[in-house]
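Trainee: Pasting a structure below so you can have a look.
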Amino acid sequence: MNRRMLTALVALVGFFIALYLAFYKTGVIGTLACGSGGCDTVQSSRWADFLGFPVASWGVAFYAVVFALAFMATLERWADSRSLSLALVLLTGWGVLFSAWLKYLELFVIHAICRWCVVSAVIAVVLFALAVLDWRATRARDEAPASDA
Amino acid sequence: MSEPEQTYNEGRARNLEALLRGLADRIAELDRQGRLLSEAGELMKLIGDVRSELFHYEVRATYDTPEVAENRRIVADAQSEQDNQWQKSEWTQDAGRGKGVVTPPHKGGKNRTFYILLGVLLVAGIGTLSWLATRSGNVIQLDPNVAPIANQGHVIGSPTAAVEVVEFADFECPACGSFANLTEPDVRARLVNTGQIRFRFIDYPLDIHPNTWAAHNAAWCASEQNRFWEMHDLIFQNQDRWSTQATRRPNAVLIPLARQLGLDMPQFEGCVESRKFHPQIKANYDEALRRGIPSTPTFIIGTQQVSGSLGYDQFKRVVDQALAAAPRGGTRADSASATKAAPAGATPRPR
């Protein structure tokens with residue numbers, strides 16, 4: 001199991017969590033399994049939309065793209081692709097920043113914590129760490145032949 | 001290396017051992033200096049020398065002729081050719097530690113593990129979400145001795161219907177909106193208008209929805225003019241426009257909705273601004289708390305309580321059970337609701 005495979009699996013977990021929250025937001029699922037009750041508060045707040053779409057929907061799209069890129073990167077054809085590594089770093093880095101902004105809103109503006117949102121934020125950080133490690137390894141692999149010459 | 005000799009004596013064996021030790025020492029030294037791969041050329045030469053001498057040693061030790069030994073080597077190489085190719089592409093340098101690490105192969109056993117985990121996650125995720133989306137909530141059998149709800153909320157349907165369905169709902173709750181927009185039109189057309197059930201709406205404005213009180217009050221204000229159900233439908237259909245996340249002034253959206261219905265606007269606006277029906281809404285809210293209603297929407301159908309945004313088939317299933325258990329002529333008399341009920345034949349509104 002390499003980092004890219006791990007990235008794909010973790011992104012898939014994030015995808016289903018985001019989908020769960022999006023289903024709640026659209027009324028498909030009646031109640032959220034959220035012990036603190038904060039999920040309802042956060043999901044009902046005026047911050048639960050971003051650019052006209054529910055934040056959870058953005059999460060679904062984010063994790064879907066990360067999963068797709070990471071899965072592609074596990075294929076032999078793109079095994080040494082530095083571009084895919086860099087794309088994953090940039091995308092997951094954006095995800096970490098967006099999650100940090102959402103955490104700020106929960107703590108200091110909405111004053112409620114949604115546990116699923118916390119799990120999603122942790123997943124975003126893990127994805128970013130994996131992407132950075134993969135990018136460094138890819139770069140080192142690319143530079144190794146040059147030093148042999 | 002020189003041409004192989006016909007005999008392999010002790011001196012040459014010791015020389016081979018010295019070559020092996022020299023190679024091992026050199027690798028260890030380069031590793032300590034963090035230059036393991038930067039001296040690849042030198043290592044290749046050393047390994048080549050050692051390999052050649054090992055070949056001669058093997059030929060002499062087994063008494064093979066050089067041709068037989070070479071054939072054996074070719075066969076062995078062919079058998080391990082694929083593995084050797086992988087090794088060639090997998091050895092890389094970990095920039096963080098400066099030690100050689102193996103990146104996992106892109107096919108084979110480890111890939112199989114990845115695809116198995118991927119499959120398990122997909123099945124578990126899709127299965128769980130499907131179950132959550134289609135479950136009919138936690139059906140609870142109520143104590144038949146608990147007093148039925150009467151004189152509260154708003155009722156639609158025949159007073160002589162065999163079964164009464166009570167809904168505890170919050171106008172700002174997404175699941176309530178989903179039920180009202182997607183399922184309720186069918187419920188009214190097939191069950192209410194056919195006289196099988198009557199439907200009672202009870203306010204349960206949750207604390208997490210700051211704008212919902214304005215919506216509940218607006219619906220009550222419409223009920224003053226006998227237009228509760230029409231307003232109910234418009235409020236749910238426009239939930240995304242007046243909800244807390246959409247606006248801080250819900251009445252600015254709710255009042256134009258009332259105007260669409262042709263209500264007496266001075267009366268309606270006065271009712272809205274004075275929050276006239278907050279006491280009645282609070283009474284319904286307290287009733288929901290007293291009954292321990294767990295979430296919205298929650299339905300009491302006969303003696304069963306079920307939560308969640310039910311689809312029509314799920315809803316009908318529970319209704320059928322209640323109809324089967326209901327005595328002829330209805331389970332209870334229809335008490336006058338707190339407001340005037342809309343006519344049983346009210347047109348269901350599509351989404």
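Simple scheme: letters A, B, ... for chains in structure tokens order, numbers from 1 for residues in each chain, numbers from 1 for ligands in the order shown.
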If we count only C-alpha atoms and set the cut-off at 10 Å, which residues sit around B:Leu54, ignoring sequence neighbours fewer than 6 positions away in its own chain? Please answer as a list in words.
Mentor: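 Non-adjacent residues within range: Ala13, Leu16, Glu17, Leu19, Leu20, Gly48 and Arg60 of chain B.
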Trainee: Hey, what does DSSP flag as alpha helix (DSSP H) within stretch 176-320 of chain B? Can you give it to me as a ChimeraX atom specification?
Mentor: /B:176-178,184-187,212-223,228-237,239-242,251-260,265-273,278-290,312-320
Trainee: Write out the residues from the selection above, keeping C-alpha atoms, as a short mmCIF file (atom, residue, chain, number, x, y, z; two decimals), in the first residue's frame.
Mentor:
data_model
loop_
_atom_site.label_atom_id
_atom_site.label_comp_id
_atom_site.auth_asym_id
_atom_site.auth_seq_id
_atom_site.Cartn_x
_atom_site.Cartn_y
_atom_site.Cartn_z
CA CYS B 176 -39.79 18.26 6.47
CA GLY B 177 -39.45 20.25 3.26
CA SER B 178 -38.59 17.11 1.36
CA GLU B 184 -47.32 15.01 0.77
CA PRO B 185 -48.98 15.76 -2.59
CA ASP B 186 -49.45 12.00 -3.10
CA VAL B 187 -50.60 11.56 0.48
CA THR B 212 -38.65 29.05 11.58
CA TRP B 213 -40.82 30.86 14.13
CA ALA B 214 -41.58 33.56 11.57
CA ALA B 215 -42.64 30.87 9.08
CA HIS B 216 -44.87 29.08 11.60
CA ASN B 217 -46.46 32.36 12.59
CA ALA B 218 -47.03 33.28 8.93
CA ALA B 219 -48.79 29.97 8.33
CA TRP B 220 -51.03 30.58 11.35
CA CYS B 221 -51.74 34.09 10.10
CA ALA B 222 -52.86 32.58 6.78
CA SER B 223 -55.05 30.15 8.67
CA PHE B 228 -53.27 27.50 6.09
CA TRP B 229 -52.51 24.60 3.75
CA GLU B 230 -51.85 26.78 0.74
CA MET B 231 -49.47 28.88 2.82
CA HIS B 232 -47.95 25.70 4.29
CA ASP B 233 -47.13 24.51 0.78
CA LEU B 234 -45.71 27.84 -0.36
CA ILE B 235 -43.53 28.10 2.74
CA PHE B 236 -42.03 24.67 2.16
CA GLN B 237 -41.60 25.23 -1.58
CA GLN B 239 -37.73 27.16 2.15
CA ASP B 240 -34.40 28.01 0.56
CA ARG B 241 -35.42 31.67 0.17
CA TRP B 242 -36.49 32.53 3.72
CA ASN B 251 -40.85 38.14 6.71
CA ALA B 252 -39.56 40.03 3.67
CA VAL B 253 -39.97 36.74 1.76
CA LEU B 254 -43.01 35.36 3.60
CA ILE B 255 -45.21 38.43 3.11
CA PRO B 256 -44.94 38.35 -0.72
CA LEU B 257 -45.83 34.66 -0.58
CA ALA B 258 -49.03 35.56 1.25
CA ARG B 259 -49.73 38.18 -1.36
CA GLN B 260 -49.59 35.44 -4.02
CA MET B 265 -52.60 41.91 3.39
CA PRO B 266 -53.16 44.57 6.09
CA GLN B 267 -54.62 41.87 8.32
CA PHE B 268 -51.86 39.42 7.46
CA GLU B 269 -49.02 41.89 7.94
CA GLY B 270 -50.46 43.04 11.26
CA CYS B 271 -50.60 39.42 12.37
CA VAL B 272 -47.03 38.77 11.27
CA GLU B 273 -45.58 41.86 12.87
CA HIS B 278 -46.55 32.63 19.09
CA PRO B 279 -48.47 31.40 22.17
CA GLN B 280 -50.27 28.73 20.12
CA ILE B 281 -47.05 27.69 18.41
CA LYS B 282 -45.35 27.48 21.80
CA ALA B 283 -48.18 25.28 23.07
CA ASN B 284 -47.65 22.89 20.15
CA TYR B 285 -43.91 22.96 20.72
CA ASP B 286 -44.47 22.03 24.36
CA GLU B 287 -46.74 19.18 23.29
CA ALA B 288 -43.94 17.81 21.10
CA LEU B 289 -41.50 18.05 23.99
CA ARG B 290 -43.96 16.40 26.35
CA TYR B 312 -45.02 7.57 -0.26
CA ASP B 313 -44.63 3.79 -0.23
CA GLN B 314 -43.09 3.81 3.24
CA PHE B 315 -45.81 6.14 4.48
CA LYS B 316 -48.57 4.04 2.92
CA ARG B 317 -47.20 0.86 4.49
CA VAL B 318 -47.59 2.26 7.98
CA VAL B 319 -50.98 3.73 7.12
CA ASP B 320 -52.17 0.35 5.85
#
Trainee: If we count only C-alpha atoms, what is near B:Val166 at a cut-off of 10 Å, once residues fewer than 3 positions away on the same chain are taken out, given as a PDB file with N, CA and C atoms, in the first residue's frame?
Mentor:
ATOM      1  N   PRO B 148     -54.959  10.767  22.778  1.00  0.00           N
ATOM      2  CA  PRO B 148     -54.676  11.281  21.436  1.00  0.00           C
ATOM      3  C   PRO B 148     -54.587  12.806  21.448  1.00  0.00           C
ATOM      4  N   ILE B 149     -53.934  13.308  20.421  1.00  0.00           N
ATOM      5  CA  ILE B 149     -53.811  14.756  20.301  1.00  0.00           C
ATOM      6  C   ILE B 149     -55.127  15.309  19.759  1.00  0.00           C
ATOM      7  N   GLY B 153     -53.001  22.210  16.367  1.00  0.00           N
ATOM      8  CA  GLY B 153     -52.510  22.133  15.006  1.00  0.00           C
ATOM      9  C   GLY B 153     -53.580  22.419  13.972  1.00  0.00           C
ATOM     10  N   HIS B 154     -53.325  21.935  12.769  1.00  0.00           N
ATOM     11  CA  HIS B 154     -54.201  22.208  11.633  1.00  0.00           C
ATOM     12  C   HIS B 154     -54.515  20.876  10.957  1.00  0.00           C
ATOM     13  N   VAL B 155     -55.789  20.699  10.609  1.00  0.00           N
ATOM     14  CA  VAL B 155     -56.221  19.390  10.110  1.00  0.00           C
ATOM     15  C   VAL B 155     -56.752  19.520   8.687  1.00  0.00           C
ATOM     16  N   VAL B 163     -58.383   6.724  10.096  1.00  0.00           N
ATOM     17  CA  VAL B 163     -57.096   6.918  10.779  1.00  0.00           C
ATOM     18  C   VAL B 163     -56.703   8.383  10.705  1.00  0.00           C
ATOM     19  N   ALA B 169     -43.743  18.928  12.739  1.00  0.00           N
ATOM     20  CA  ALA B 169     -42.839  19.414  11.692  1.00  0.00           C
ATOM     21  C   ALA B 169     -42.320  20.811  12.006  1.00  0.00           C
ATOM     22  N   ARG B 198     -57.096  11.426   7.800  1.00  0.00           N
ATOM     23  CA  ARG B 198     -57.014  12.881   7.896  1.00  0.00           C
ATOM     24  C   ARG B 198     -55.635  13.194   8.449  1.00  0.00           C
ATOM     25  N   PHE B 199     -55.163  14.393   8.142  1.00  0.00           N
ATOM     26  CA  PHE B 199     -53.768  14.741   8.386  1.00  0.00           C
ATOM     27  C   PHE B 199     -53.716  15.980   9.281  1.00  0.00           C
ATOM     28  N   ARG B 200     -52.985  15.845  10.398  1.00  0.00           N
ATOM     29  CA  ARG B 200     -52.889  16.967  11.340  1.00  0.00           C
ATOM     30  C   ARG B 200     -51.447  17.454  11.412  1.00  0.00           C
ATOM     31  N   PHE B 201     -51.275  18.738  11.215  1.00  0.00           N
ATOM     32  CA  PHE B 201     -49.939  19.351  11.271  1.00  0.00           C
ATOM     33  C   PHE B 201     -49.772  20.028  12.631  1.00  0.00           C
ATOM     34  N   ILE B 202     -48.682  19.650  13.328  1.00  0.00           N
ATOM     35  CA  ILE B 202     -48.407  20.275  14.636  1.00  0.00           C
ATOM     36  C   ILE B 202     -47.047  20.969  14.570  1.00  0.00           C
ATOM     37  N   THR B 298     -41.742  13.936  12.447  1.00  0.00           N
ATOM     38  CA  THR B 298     -42.142  12.694  13.112  1.00  0.00           C
ATOM     39  C   THR B 298     -43.653  12.534  12.928  1.00  0.00           C
ATOM     40  N   PHE B 299     -44.040  11.320  12.592  1.00  0.00           N
ATOM     41  CA  PHE B 299     -45.457  11.049  12.323  1.00  0.00           C
ATOM     42  C   PHE B 299     -46.006  10.084  13.372  1.00  0.00           C
ATOM     43  N   ILE B 300     -47.202  10.366  13.821  1.00  0.00           N
ATOM     44  CA  ILE B 300     -47.936   9.389  14.614  1.00  0.00           C
ATOM     45  C   ILE B 300     -49.071   8.896  13.726  1.00  0.00           C
ATOM     46  N   ILE B 301     -48.982   7.612  13.408  1.00  0.00           N
ATOM     47  CA  ILE B 301     -49.960   7.012  12.491  1.00  0.00           C
ATOM     48  C   ILE B 301     -50.615   5.863  13.242  1.00  0.00           C
ATOM     49  N   GLY B 302     -51.862   6.063  13.635  1.00  0.00           N
ATOM     50  CA  GLY B 302     -52.502   5.060  14.488  1.00  0.00           C
ATOM     51  C   GLY B 302     -51.758   4.982  15.807  1.00  0.00           C
ATOM     52  N   GLN B 305     -45.344   5.386  15.881  1.00  0.00           N
ATOM     53  CA  GLN B 305     -44.652   6.652  15.703  1.00  0.00           C
ATOM     54  C   GLN B 305     -43.414   6.401  14.843  1.00  0.00           C
TER      55      GLN B 305
END
Trainee: Could you jot down the atom CA of A:Ser81 to atom CA of A:Trp94 separation for me, Å, one decimal place?
Mentor: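 According to the coordinates, atom CA of A:Ser81 and atom CA of A:Trp94 are separated by 20.5 Å.
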Trainee: To one decimal place, how far is atom CA of B:Thr244 from atom CA of A:Phe50 in Å?
Mentor: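 A separation of 14.1 Å between them.
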Trainee: Choose the residue, out of A:Ala131, A:Cys114, A:Ile123, A:Leu9, that has the smallest atom-to-atom separation from chain B; count only C-alpha atoms.
Mentor: A:Leu9
Trainee: Nearest residue to chain A out of B:Ala180, B:Ala24, B:Ala18, B:Ile156, using only C-alpha atoms?
Mentor: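 Looking only at the distances to chain A, the closest residue turns out to be B:Ala180.
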Trainee: Taking into account only C-alpha atoms, which residue in the set A:Phe23, A:Trp116, A:Tyr104, A:Tyr63 is nearest to A:Phe128?
Mentor: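 Between A:Phe23, A:Trp116, A:Tyr104, A:Tyr63, the residue approaching A:Phe128 most closely is A:Tyr63.
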Trainee: Looking only at strand (DSSP E) from DSSP on the backbone, list the matching residues of chain A as a PyMOL selection string.
Mentor: chain A and resi 49-50+53-54
